[in-house]
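Novice: Encoded as structure tokens, here's the structure I'll be asking about.
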Amino acid sequence: MDFVDTNYEPGENDLICLFRVEPSENYSFEEAISNVAKESSVGTWTHIGTVNERAKRIKARVYELDEPYAKVAYPQELFELDNIPQVLSSVAGNVFGMKLLKNLRLEDIQFPPEMIEKFKGPQVGLEGIRDIFSVQDRPMLGTIVKPKLGLGPKGHADVAYRAWKGGLDIVKDDENLSSMTFNTFEKRVDETMRLKEKAEKETGEKKEYMGNITAPVSEMKKRADYLIGKGSNYVMIDIITIGWSALQEMREYLEGKDVVIHCHRAGHAAFTRNRKHGVSMLTVAKLTRLIGGDQLHIGTAGVGKMEGDEEKVLRIEEAVETKKTTGSEYKLKQDWKNIKKTFAVASGGLHPGDIPGLVERMGKDIVAQFGGGCHGHPDGTEAGARAIRQACGAVMDGRSLDEAASGNKELKRALEKWKG
């Protein structure tokens, strides 16, 4: 079978993948991508006599070539449409291990309408999250309790309280904090939710706590129920390490409970960072929105400590929030139908002085999270939170941070430390 057909017009029911292909020595680009289409659909490495007419009809087709990029169309009959692991076992499975490829990267994916209809997407989504907090005209502001590990339940709750008291909306667990002997999940939730209520009464603002429920699925369900029983509207899950099927199951389990699933991407860079090989963060983001992640870490567009250039991060933000940005000409379009928007989270090495650049690049529809950039303030966590809120207010009012700092000592001290 010939898997390259540049005359082929993809149908509405095709799943489309954009690959970046680098063949091994002695193989042509066309030969390499042809074998990708073959291996990821109906073919194998040698001629076989068991190929029937159906197999010929539903084979993948390489329909656009522009070295090193190629687009491949997959008839939806190749997939169990509500089974993300099976889909990825096809388009992002054995293909990465073939010897005729030096490098292969799944850059983008476009889902057919019938596949979109199999999923519910985010239960709350961007607009719903803003409604929870009654905040519409600025970024949502949050922090991660630091240090990552070492605090007990009361110490953890105290840090959270100081951040809320200083003006932040959200406090979350770090990605590797689950239920340790020195900080068990239930005790941490009890203490933190108690102080959340206190902070709400004192500030008159809605506050939220993202408890990290990452664990085997049966335990995640118990932990989600515990958080909900304590009045939380959020759960946090490390979606890469738990796997796509676990995220699917948790989205189904939480149906009707109006709970936000905050998706941490810990571990993604193991396969997304190499720009020549692996799977892009853009693909991860689209899968997360399809399955039902309400919030997703996507990077900071070149601000802060994490890798991720501006164009790449903005393309991801467009995918999860249906924004219009200037991205690569190879970008695949996606009609999300009734799938709600996932709220983009910017996190990683941010401090108050980064807010102007962050908003200029990513807009106000972000959840901006500050770890060390809050707790590392010279006067402590509460002052750090105040500095973040002051910086955000200045940006929303169209004022410079230097101007705002003249009347806000917390912001002034933060800029002196981090901006020199």
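Ordered as shown in the structure tokens, chains take letters A, B, and onward, while each chain numbers its residues from 1 and ligands are numbered from 1 in the order shown.
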Which of range 205-305 of chain A end up as strand (DSSP E or B) when DSSP is run on this backbone - answer as number ranges by chain?

Specialist: A: 208-210, 212, 234-238, 260-264, 278-279, 295-297

Novice: If we count only C-alpha atoms and set the cut-off at 8 Å, which residues sit around Leu65 in chain A, ignoring sequence neighbours fewer than 5 positions away in its own chain? Please answer as a ChimeraX atom specification.

Specialist: /A:6,70-71

Novice: Write out, as a PDB file, in the first residue's frame, the residues just selected, with C-alpha atoms.

Specialist:
```pdb
ATOM      1  CA  THR A   6      -0.578  14.450  -1.915  1.00  0.00           C
ATOM      2  CA  ALA A  70       4.271  16.484   7.156  1.00  0.00           C
ATOM      3  CA  LYS A  71       0.545  16.165   7.784  1.00  0.00           C
TER       4      LYS A  71
END
```

Novice: By how many Å are CA of Phe96 in chain A and CA of His277 in chain A apart?

Specialist: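 Computed distance, CA of Phe96 in chain A to CA of His277 in chain A, equals 8.2 Å.
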
Novice: For the structure I just gave you, how does DSSP split range 40-189 of chain A - specifically, which residues are alpha helix (DSSP H)? Reply as a ChimeraX atom specification.

Specialist: /A:53-57,84-91,113-116,125-133,153-166,185-189

Novice: Suppose we keep C-alpha atoms; can you now write the selection as a PDB file, in the first residue's frame?

Specialist:
```pdb
ATOM      1  CA  GLU A  53     -10.141  -4.138   1.476  1.00  0.00           C
ATOM      2  CA  ARG A  54     -11.141  -2.501   4.751  1.00  0.00           C
ATOM      3  CA  ALA A  55      -7.497  -2.124   5.755  1.00  0.00           C
ATOM      4  CA  LYS A  56      -6.729  -0.462   2.424  1.00  0.00           C
ATOM      5  CA  ARG A  57      -9.652   1.907   2.862  1.00  0.00           C
ATOM      6  CA  ILE A  84      -7.377   8.463  24.462  1.00  0.00           C
ATOM      7  CA  PRO A  85      -4.794   5.788  25.379  1.00  0.00           C
ATOM      8  CA  GLN A  86      -5.734   3.792  22.253  1.00  0.00           C
ATOM      9  CA  VAL A  87      -5.561   6.889  20.049  1.00  0.00           C
ATOM     10  CA  LEU A  88      -2.105   7.753  21.354  1.00  0.00           C
ATOM     11  CA  SER A  89      -0.927   4.158  21.095  1.00  0.00           C
ATOM     12  CA  SER A  90      -1.541   4.595  17.374  1.00  0.00           C
ATOM     13  CA  VAL A  91      -0.319   8.086  16.490  1.00  0.00           C
ATOM     14  CA  PRO A 113     -16.176  16.183  15.343  1.00  0.00           C
ATOM     15  CA  GLU A 114     -17.440  12.760  16.411  1.00  0.00           C
ATOM     16  CA  MET A 115     -14.472  12.399  18.737  1.00  0.00           C
ATOM     17  CA  ILE A 116     -15.107  15.837  20.243  1.00  0.00           C
ATOM     18  CA  GLY A 125     -13.883  26.134  32.546  1.00  0.00           C
ATOM     19  CA  LEU A 126     -12.441  29.629  32.315  1.00  0.00           C
ATOM     20  CA  GLU A 127     -15.711  31.562  32.584  1.00  0.00           C
ATOM     21  CA  GLY A 128     -16.998  29.372  35.395  1.00  0.00           C
ATOM     22  CA  ILE A 129     -13.814  29.822  37.411  1.00  0.00           C
ATOM     23  CA  ARG A 130     -14.073  33.595  37.097  1.00  0.00           C
ATOM     24  CA  ASP A 131     -17.672  33.333  38.311  1.00  0.00           C
ATOM     25  CA  ILE A 132     -16.580  31.357  41.393  1.00  0.00           C
ATOM     26  CA  PHE A 133     -14.347  34.243  42.458  1.00  0.00           C
ATOM     27  CA  PRO A 153      -0.226  20.600  58.301  1.00  0.00           C
ATOM     28  CA  LYS A 154      -0.362  23.658  60.553  1.00  0.00           C
ATOM     29  CA  GLY A 155       2.725  25.251  59.028  1.00  0.00           C
ATOM     30  CA  HIS A 156       1.353  24.641  55.543  1.00  0.00           C
ATOM     31  CA  ALA A 157      -1.999  26.168  56.480  1.00  0.00           C
ATOM     32  CA  ASP A 158      -0.323  29.205  58.042  1.00  0.00           C
ATOM     33  CA  VAL A 159       1.606  29.942  54.845  1.00  0.00           C
ATOM     34  CA  ALA A 160      -1.632  29.621  52.852  1.00  0.00           C
ATOM     35  CA  TYR A 161      -3.466  31.945  55.245  1.00  0.00           C
ATOM     36  CA  ARG A 162      -0.811  34.641  54.961  1.00  0.00           C
ATOM     37  CA  ALA A 163      -0.989  34.477  51.161  1.00  0.00           C
ATOM     38  CA  TRP A 164      -4.792  34.789  51.165  1.00  0.00           C
ATOM     39  CA  LYS A 165      -4.642  37.591  53.742  1.00  0.00           C
ATOM     40  CA  GLY A 166      -2.217  39.454  51.486  1.00  0.00           C
ATOM     41  CA  PHE A 185      -3.489  14.774  53.218  1.00  0.00           C
ATOM     42  CA  GLU A 186      -6.488  14.819  55.561  1.00  0.00           C
ATOM     43  CA  LYS A 187      -4.814  16.854  58.314  1.00  0.00           C
ATOM     44  CA  ARG A 188      -3.445  19.325  55.770  1.00  0.00           C
ATOM     45  CA  VAL A 189      -6.888  19.790  54.229  1.00  0.00           C
TER      46      VAL A 189
END
```
